[in-house]
file work-v1.cif (mmCIF, C-alpha atoms)
data_run
loop_
_atom_site.label_atom_id
_atom_site.label_comp_id
_atom_site.auth_asym_id
_atom_site.auth_seq_id
_atom_site.Cartn_x
_atom_site.Cartn_y
_atom_site.Cartn_z
CA MET W 1 213.66 25.58 105.04
CA ILE W 2 213.57 22.58 102.73
CA VAL W 3 213.53 19.15 104.38
CA ASP W 4 214.22 16.20 102.10
CA ARG W 5 214.11 12.75 103.68
CA ASN W 6 215.28 9.86 101.53
CA GLY W 7 215.35 6.65 103.56
CA PRO W 8 218.08 6.90 106.20
CA VAL W 9 219.38 10.21 104.80
CA THR W 10 217.83 13.59 105.58
CA THR W 11 218.94 16.76 103.81
CA LEU W 12 218.20 20.17 105.32
CA ILE W 13 218.50 23.07 102.89
CA LEU W 14 218.65 26.68 104.05
CA ASN W 15 216.49 28.38 101.45
CA ARG W 16 217.10 32.13 101.28
CA PRO W 17 219.64 32.22 98.43
CA LYS W 18 219.06 35.90 97.56
CA VAL W 19 220.60 36.86 100.93
CA HIS W 20 223.19 34.05 101.05
CA ASN W 21 220.78 32.00 103.19
CA ALA W 22 221.14 34.43 106.08
CA LEU W 23 219.30 33.31 109.20
CA ASP W 24 216.37 35.53 110.06
CA ARG W 25 213.97 34.67 112.89
CA GLU W 26 211.74 32.56 110.64
CA LEU W 27 214.52 30.47 109.11
CA SER W 28 216.25 30.08 112.49
CA ALA W 29 213.05 28.70 114.01
CA GLU W 30 212.51 26.36 111.06
CA LEU W 31 216.09 25.10 111.29
CA ASN W 32 215.69 24.45 115.02
CA ALA W 33 212.44 22.53 114.48
CA ALA W 34 213.92 20.48 111.64
CA VAL W 35 217.04 19.61 113.64
CA LYS W 36 214.91 18.51 116.60
CA GLN W 37 212.91 16.25 114.31
CA VAL W 38 216.05 14.66 112.86
CA ALA W 39 217.71 14.29 116.26
CA PHE W 40 214.91 12.04 117.47
CA ASP W 41 214.37 10.19 114.19
CA ARG W 42 215.69 6.69 114.90
CA GLU W 43 215.71 5.82 111.21
CA CYS W 44 217.97 8.73 110.21
CA ARG W 45 221.60 7.72 109.90
CA VAL W 46 223.02 10.67 107.95
CA LEU W 47 222.09 14.37 107.99
CA VAL W 48 223.33 16.63 105.18
CA LEU W 49 223.16 20.37 105.76
CA LYS W 50 223.48 22.67 102.77
CA GLY W 51 222.35 26.00 101.37
CA ALA W 52 220.15 26.77 98.37
CA GLY W 53 221.80 28.38 95.37
CA ASN W 54 225.56 28.69 95.10
CA THR W 55 226.10 29.53 98.74
CA PHE W 56 225.98 27.98 102.21
CA CYS W 57 225.09 30.52 104.91
CA ALA W 58 226.13 34.08 105.74
CA GLY W 59 225.07 33.75 109.37
CA ASP W 60 222.60 36.13 110.99
CA ASP W 61 220.38 38.39 108.92
CA ILE W 62 221.86 41.49 110.52
CA LYS W 63 219.37 43.85 108.87
CA GLU W 64 216.69 42.24 111.00
CA PHE W 65 218.50 43.23 114.20
CA ASN W 66 217.07 46.73 113.76
CA GLU W 67 213.62 45.26 114.47
CA TRP W 68 214.60 43.38 117.63
CA THR W 69 213.56 44.41 121.11
CA PRO W 70 216.26 44.48 123.83
CA GLU W 71 214.96 41.16 125.16
CA GLU W 72 215.00 39.39 121.82
CA GLY W 73 218.75 39.05 121.36
CA PRO W 74 219.40 36.67 124.29
CA TRP W 75 216.46 34.48 123.30
CA GLN W 76 217.70 34.24 119.72
CA VAL W 77 221.19 33.28 120.91
CA LYS W 78 219.62 30.63 123.15
CA LEU W 79 217.80 29.23 120.10
CA TYR W 80 221.03 29.20 118.06
CA GLN W 81 222.94 27.43 120.80
CA GLU W 82 220.21 24.84 121.25
CA THR W 83 220.28 24.13 117.51
CA SER W 84 224.06 23.77 117.38
CA ASN W 85 224.15 21.58 120.49
CA LEU W 86 221.50 19.28 119.01
CA ILE W 87 223.56 18.88 115.84
CA ASP W 88 226.75 18.35 117.83
CA ASN W 89 225.21 15.55 119.92
CA MET W 90 223.14 13.93 117.19
CA TRP W 91 223.50 10.18 116.74
CA ALA W 92 223.28 10.52 112.97
CA ILE W 93 226.45 11.40 111.06
CA THR W 94 226.28 15.06 110.05
CA ILE W 95 227.79 16.49 106.88
CA ALA W 96 227.98 20.16 105.88
CA ALA W 97 228.10 20.71 102.12
CA VAL W 98 229.61 24.17 101.71
CA ASP W 99 229.66 26.37 98.63
CA GLY W 100 230.03 30.11 98.35
CA VAL W 101 229.67 32.15 101.55
CA CYS W 102 230.28 30.42 104.89
CA THR W 103 230.59 33.16 107.48
CA GLY W 104 229.48 33.98 111.02
CA GLY W 105 226.71 31.63 112.04
CA GLY W 106 227.23 29.67 108.85
CA LEU W 107 230.80 28.85 109.84
CA GLU W 108 229.60 28.09 113.37
CA LEU W 109 227.14 25.56 111.94
CA THR W 110 229.98 23.68 110.25
CA LEU W 111 231.86 23.42 113.57
CA VAL W 112 229.22 21.04 114.97
CA CYS W 113 229.11 18.80 111.90
CA ASP W 114 231.11 15.58 111.75
CA PHE W 115 232.33 16.22 108.20
CA VAL W 116 232.67 19.30 106.02
CA VAL W 117 232.93 19.04 102.24
CA ALA W 118 233.53 22.44 100.64
CA THR W 119 234.13 23.89 97.21
CA ASP W 120 237.37 25.59 96.31
CA ARG W 121 235.49 28.85 95.77
CA SER W 122 233.92 28.94 99.24
CA ARG W 123 234.68 31.96 101.43
CA TRP W 124 234.97 31.78 105.19
CA GLY W 125 235.16 34.18 108.10
CA MET W 126 233.89 35.54 111.41
CA PRO W 127 233.03 39.15 110.47
CA GLU W 128 230.73 39.99 113.40
CA ILE W 129 233.17 42.50 114.88
CA ASN W 130 232.81 44.64 111.74
CA TRP W 131 229.17 45.24 112.70
CA ASP W 132 229.83 45.84 116.43
CA ILE W 133 228.47 42.45 117.52
CA THR W 134 229.98 39.23 118.85
CA PRO W 135 229.62 35.54 117.86
CA GLY W 136 226.86 33.65 119.60
CA TRP W 137 227.18 29.93 119.01
CA GLY W 138 230.74 28.74 118.87
CA GLY W 139 232.81 31.25 116.94
CA THR W 140 235.03 32.07 119.91
CA ASN W 141 234.81 28.71 121.70
CA ARG W 142 234.44 25.77 119.34
CA LEU W 143 236.56 27.42 116.66
CA GLN W 144 239.62 27.40 118.95
CA LYS W 145 239.42 23.61 119.16
CA PHE W 146 239.90 23.38 115.41
CA ALA W 147 242.15 26.28 114.44
CA GLY W 148 243.85 27.10 117.74
CA ARG W 149 243.74 30.20 119.89
CA ARG W 150 245.97 32.41 117.78
CA LYS W 151 244.10 32.01 114.48
CA THR W 152 240.71 32.20 116.19
CA LYS W 153 241.68 35.57 117.67
CA GLU W 154 242.83 36.78 114.27
CA TRP W 155 239.63 35.82 112.51
CA ASN W 156 237.33 37.18 115.23
CA LEU W 157 239.18 40.38 116.10
CA ILE W 158 240.11 41.43 112.55
CA GLY W 159 236.97 40.11 110.89
CA GLY W 160 238.44 39.48 107.44
CA LEU W 161 237.39 36.67 105.13
CA PHE W 162 239.68 33.82 104.10
CA ASP W 163 239.67 31.30 101.29
CA ALA W 164 238.86 27.60 101.14
CA LYS W 165 242.49 26.48 101.20
CA THR W 166 243.03 28.36 104.45
CA ALA W 167 239.89 26.73 105.89
CA GLU W 168 241.27 23.34 104.95
CA ARG W 169 244.70 24.13 106.38
CA TYR W 170 243.20 24.98 109.76
CA ASP W 171 241.05 21.84 110.00
CA LEU W 172 237.69 23.40 109.12
CA VAL W 173 237.29 21.22 106.01
CA ASN W 174 237.71 17.49 105.34
CA ARG W 175 237.55 17.65 101.58
CA LEU W 176 237.95 20.44 99.03
CA THR W 177 236.26 19.89 95.71
CA THR W 178 234.87 21.80 92.75
CA PRO W 179 231.34 23.19 92.66
CA GLU W 180 230.49 20.65 89.96
CA LYS W 181 231.62 17.72 92.12
CA LEU W 182 230.27 18.87 95.49
CA ASP W 183 227.11 16.77 95.44
CA ALA W 184 228.95 13.70 94.14
CA ASP W 185 231.66 13.93 96.80
CA VAL W 186 229.07 14.35 99.55
CA GLN W 187 227.13 11.37 98.21
CA ALA W 188 230.30 9.26 98.15
CA LEU W 189 230.81 10.05 101.83
CA VAL W 190 227.17 9.24 102.59
CA ASP W 191 227.58 5.86 100.85
CA VAL W 192 230.64 5.05 102.96
CA MET W 193 228.87 5.94 106.20
CA LEU W 194 225.77 3.92 105.33
CA GLU W 195 228.01 0.91 104.72
CA LYS W 196 229.15 0.96 108.36
CA ALA W 197 227.26 -0.79 111.16
CA PRO W 198 224.96 1.82 112.80
CA THR W 199 225.80 0.82 116.38
CA ALA W 200 229.54 1.00 115.74
CA VAL W 201 229.15 4.45 114.14
CA ARG W 202 227.04 5.79 117.01
CA CYS W 203 229.41 4.45 119.66
CA THR W 204 232.53 5.73 117.92
CA LYS W 205 231.01 9.17 117.42
CA HIS W 206 229.98 9.25 121.08
CA PHE W 207 233.51 8.32 122.18
CA LEU W 208 235.01 11.03 119.98
CA ASN W 209 232.64 13.76 121.17
CA ALA W 210 232.83 12.80 124.83
CA SER W 211 236.63 12.61 124.76
CA ALA W 212 237.07 16.02 123.13
CA ASP W 213 236.60 17.85 126.43
CA ALA W 214 237.92 15.09 128.70
CA THR W 215 241.24 13.95 130.08
CA THR W 216 242.96 10.96 128.50
CA SER W 217 241.95 8.67 131.36
CA ILE W 218 238.29 9.63 131.07
CA GLY W 219 238.42 9.25 127.30
CA LEU W 220 239.86 5.76 127.66
CA ALA W 221 237.09 4.93 130.11
CA PHE W 222 234.54 5.72 127.41
CA GLU W 223 236.30 3.34 125.03
CA GLY W 224 236.00 0.54 127.58
CA ALA W 225 232.34 1.20 128.38
CA PRO W 226 229.62 -1.48 127.97
CA PRO W 227 228.76 -0.57 124.32
CA ARG W 228 232.34 -1.56 123.45
CA LEU W 229 231.73 -5.02 124.92
CA HIS W 230 228.56 -5.35 122.86
CA LEU W 231 230.54 -4.65 119.68
CA ALA W 232 232.79 -7.61 120.50
CA GLN W 233 229.96 -9.84 119.28
CA SER W 234 229.45 -7.90 116.05
CA LYS W 235 228.93 -9.31 112.58
CA GLY W 236 232.08 -7.55 111.43
CA ILE W 237 234.27 -9.42 113.90
CA ARG W 238 232.75 -12.72 112.87
CA GLU W 239 233.43 -11.95 109.21
CA PHE W 240 236.98 -10.69 109.75
CA VAL W 241 238.42 -14.18 109.22
CA HIS W 242 237.34 -14.07 105.55
CA ARG W 243 239.78 -12.13 103.39
CA ASP W 244 237.31 -11.43 100.58
CA THR W 245 234.81 -10.02 103.05
CA ARG W 246 237.49 -7.81 104.61
CA ASP W 247 238.37 -6.44 101.18
CA THR W 248 234.72 -5.82 100.35
CA ARG W 249 234.10 -4.00 103.62
CA ARG W 250 237.08 -1.71 103.02
CA ARG W 251 236.42 -1.09 99.34
CA LEU W 252 234.30 2.08 99.56
CA ALA W 253 236.36 3.59 102.36
CA ASN W 254 239.65 3.02 100.54
CA ALA W 255 238.29 4.45 97.31
CA LEU W 256 236.70 7.56 98.85
CA TRP W 257 237.74 10.82 97.19
CA LYS W 258 240.67 9.25 95.35
CA GLY W 259 239.81 10.96 92.08
#

call {"tool": "encode", "arguments": {"input": "work-v1.cif", "output": "structure tokens"}}
result
Amino acid sequence: MIVDRNGPVTTLILNRPKVHNALDRELSAELNAAVKQVAFDRECRVLVLKGAGNTFCAGDDIKEFNEWTPEEGPWQVKLYQETSNLIDNMWAITIAAVDGVCTGGGLELTLVCDFVVATDRSRWGMPEINWDITPGWGGTNRLQKFAGRRKTKEWNLIGGLFDAKTAERYDLVNRLTTPEKLDADVQALVDVMLEKAPTAVRCTKHFLNASADATTSIGLAFEGAPPRLHLAQSKGIREFVHRDTRDTRRRLANALWKG
């Protein structure tokens, strides 16, 4: 695991490129520890998750399963789920930068990120069924909330891979780009997010996450909660009366990924 902290931005790099950054026990434990550290880092505003080399993550290192005891599987799944839940509920904005292989646990990692920027050569899929195993941290549950029940069944029960355009079509990707522009497009998104007021970002993300599994009435209750009243006194509202300031505040957002 490579952890690179640069001010309010932390980048976590899965670093086993020779095996498509597959998650063995060691890397899984390092990822969990790094995510815990970021989750409770009050200075971190953006987390970028990526893979070393020209690939993201192929999920579990299945070869290692041959070394597991019968008791080890459930504990490993528990670790995976804890990691994904921490990312899902993190106050920082989370961005997955995806190139190459994004399958199994790798795809499941992207499901708990706020944004996914992927290259047009990336390959996606849930191939666990081909090896007589099942997904462990969102491939049958969270995936349905993005792609729907029908497509999720297809991908999990057939186990074939699909291309980046299909991933984008079924809401797994925010932005498709070229391998050469991946880092630049991720950085452009980071710049936009850092321009926003941290409290407004945290509250909005909380509303979105909390409402995803709630009824409309409960979701609306979140939007009217006390943090919303605090934002009524924000610097942005005070500055809204100035046209030039409004234009400046919108400049990065309006220009994002236009090229």

call {"tool": "axis_aligned_box", "arguments": {"input": "work-v1.cif", "around": "segment 43-62 of chain W", "padding_each_side": "6 Å", "output": "AutoDock Vina command-line options"}}
result
--center_x 220.9 --center_y 23.7 --center_z 103.2 --size_x 22.4 --size_y 47.7 --size_z 28.1

call {"tool": "closest_residue", "arguments": {"input": "work-v1.cif", "among": "W:Ile62, W:Leu27, W:Leu49, W:Val117", "to": "Val186 of chain W", "atoms": "all atoms listed in the file"}}
result
W:Val117

call {"tool": "residues_near_point", "arguments": {"input": "work-v1.cif", "point": "(226.1, 4.9, 105.3)", "cutoff": "9 Å", "atoms": "all atoms listed in the file", "output": "PyMOL selection string"}}
result
chain W and resi 8-9+45-46+93+189-198

call {"tool": "residues_around", "arguments": {"input": "work-v1.cif", "residues": "Trp124 of chain W", "least_positions_apart": "2", "cutoff": "9 Å", "atoms": "all atoms listed in the file", "output": "VMD selection string"}}
result
chain W and resid 100 to 104 106 to 107 122 126 160 to 164 166 to 167

call {"tool": "atom_distance", "arguments": {"input": "work-v1.cif", "atom1": "atom CA of Asn21 of chain W", "atom2": "atom CA of Lys50 of chain W"}}
result
9.7 Å

call {"tool": "residues_around", "arguments": {"input": "work-v1.cif", "residues": "Leu12 of chain W", "least_positions_apart": "5", "cutoff": "12 Å", "atoms": "all atoms listed in the file", "output": "PyMOL selection string"}}
result
chain W and resi 1-6+27+30-38+46-52+56+87+94-97

call {"tool": "closest_residue", "arguments": {"input": "work-v1.cif", "among": "W:Phe115, W:Trp68, W:Phe146, W:Phe207", "to": "Val98 of chain W", "atoms": "all atoms listed in the file"}}
result
W:Phe115

call {"tool": "residues_around", "arguments": {"input": "work-v1.cif", "residues": "Leu23 of chain W", "least_positions_apart": "2", "cutoff": "8 Å", "atoms": "only C-alpha atoms", "output": "ChimeraX atom specification"}}
result
/W:21,25-28,57-61

call {"tool": "atom_distance", "arguments": {"input": "work-v1.cif", "atom1": "atom CA of Gly73 of chain W", "atom2": "atom CA of Gly125 of chain W"}}
result
21.7 Å

call {"tool": "atom_distance", "arguments": {"input": "work-v1.cif", "atom1": "atom CA of Leu109 of chain W", "atom2": "atom CA of Trp137 of chain W"}}
result
8.3 Å

call {"tool": "resolve_selection", "arguments": {"input": "work-v1.cif", "expression": "the PyMOL selection byres ((chain W and resi 131-134) around 10)", "output": "count of residues only"}}
result
15

call {"tool": "closest_residue", "arguments": {"input": "work-v1.cif", "among": "W:Ala147, W:Leu111, W:Ala184, W:Ala39", "to": "Leu86 of chain W", "atoms": "all atoms listed in the file"}}
result
W:Ala39

call {"tool": "build_atoms", "arguments": {"input": "work-v1.cif", "residues": "segment 179-191 of chain W", "atoms": "N, CA, C and O atoms", "output": "short mmCIF file (atom, residue, chain, number, x, y, z; two decimals), keeping the file's coordinate frame"}}
result
data_model
loop_
_atom_site.label_atom_id
_atom_site.label_comp_id
_atom_site.auth_asym_id
_atom_site.auth_seq_id
_atom_site.Cartn_x
_atom_site.Cartn_y
_atom_site.Cartn_z
N PRO W 179 232.79 23.06 92.55
CA PRO W 179 231.34 23.19 92.66
C PRO W 179 230.59 22.09 91.91
O PRO W 179 229.55 21.61 92.36
N GLU W 180 231.15 21.68 90.77
CA GLU W 180 230.49 20.65 89.96
C GLU W 180 230.50 19.28 90.63
O GLU W 180 229.62 18.45 90.38
N LYS W 181 231.47 19.03 91.49
CA LYS W 181 231.62 17.72 92.12
C LYS W 181 231.15 17.68 93.56
O LYS W 181 231.23 16.64 94.22
N LEU W 182 230.64 18.80 94.07
CA LEU W 182 230.27 18.87 95.49
C LEU W 182 229.24 17.80 95.86
O LEU W 182 229.44 17.03 96.81
N ASP W 183 228.16 17.74 95.12
CA ASP W 183 227.11 16.77 95.44
C ASP W 183 227.61 15.34 95.34
O ASP W 183 227.28 14.49 96.19
N ALA W 184 228.43 15.06 94.32
CA ALA W 184 228.95 13.70 94.14
C ALA W 184 229.89 13.31 95.27
O ALA W 184 229.86 12.17 95.76
N ASP W 185 230.73 14.24 95.72
CA ASP W 185 231.66 13.93 96.80
C ASP W 185 230.92 13.76 98.13
O ASP W 185 231.31 12.92 98.96
N VAL W 186 229.88 14.54 98.34
CA VAL W 186 229.07 14.35 99.55
C VAL W 186 228.37 13.00 99.50
O VAL W 186 228.34 12.26 100.49
N GLN W 187 227.82 12.64 98.33
CA GLN W 187 227.13 11.37 98.21
C GLN W 187 228.09 10.20 98.42
O GLN W 187 227.72 9.18 99.02
N ALA W 188 229.32 10.32 97.94
CA ALA W 188 230.30 9.26 98.15
C ALA W 188 230.56 9.05 99.64
O ALA W 188 230.68 7.91 100.11
N LEU W 189 230.62 10.15 100.38
CA LEU W 189 230.81 10.05 101.83
C LEU W 189 229.58 9.43 102.49
O LEU W 189 229.71 8.58 103.39
N VAL W 190 228.40 9.83 102.06
CA VAL W 190 227.17 9.24 102.59
C VAL W 190 227.17 7.73 102.36
O VAL W 190 226.84 6.95 103.27
N ASP W 191 227.56 7.29 101.17
CA ASP W 191 227.58 5.86 100.85
C ASP W 191 228.53 5.10 101.78
O ASP W 191 228.22 3.99 102.23
#
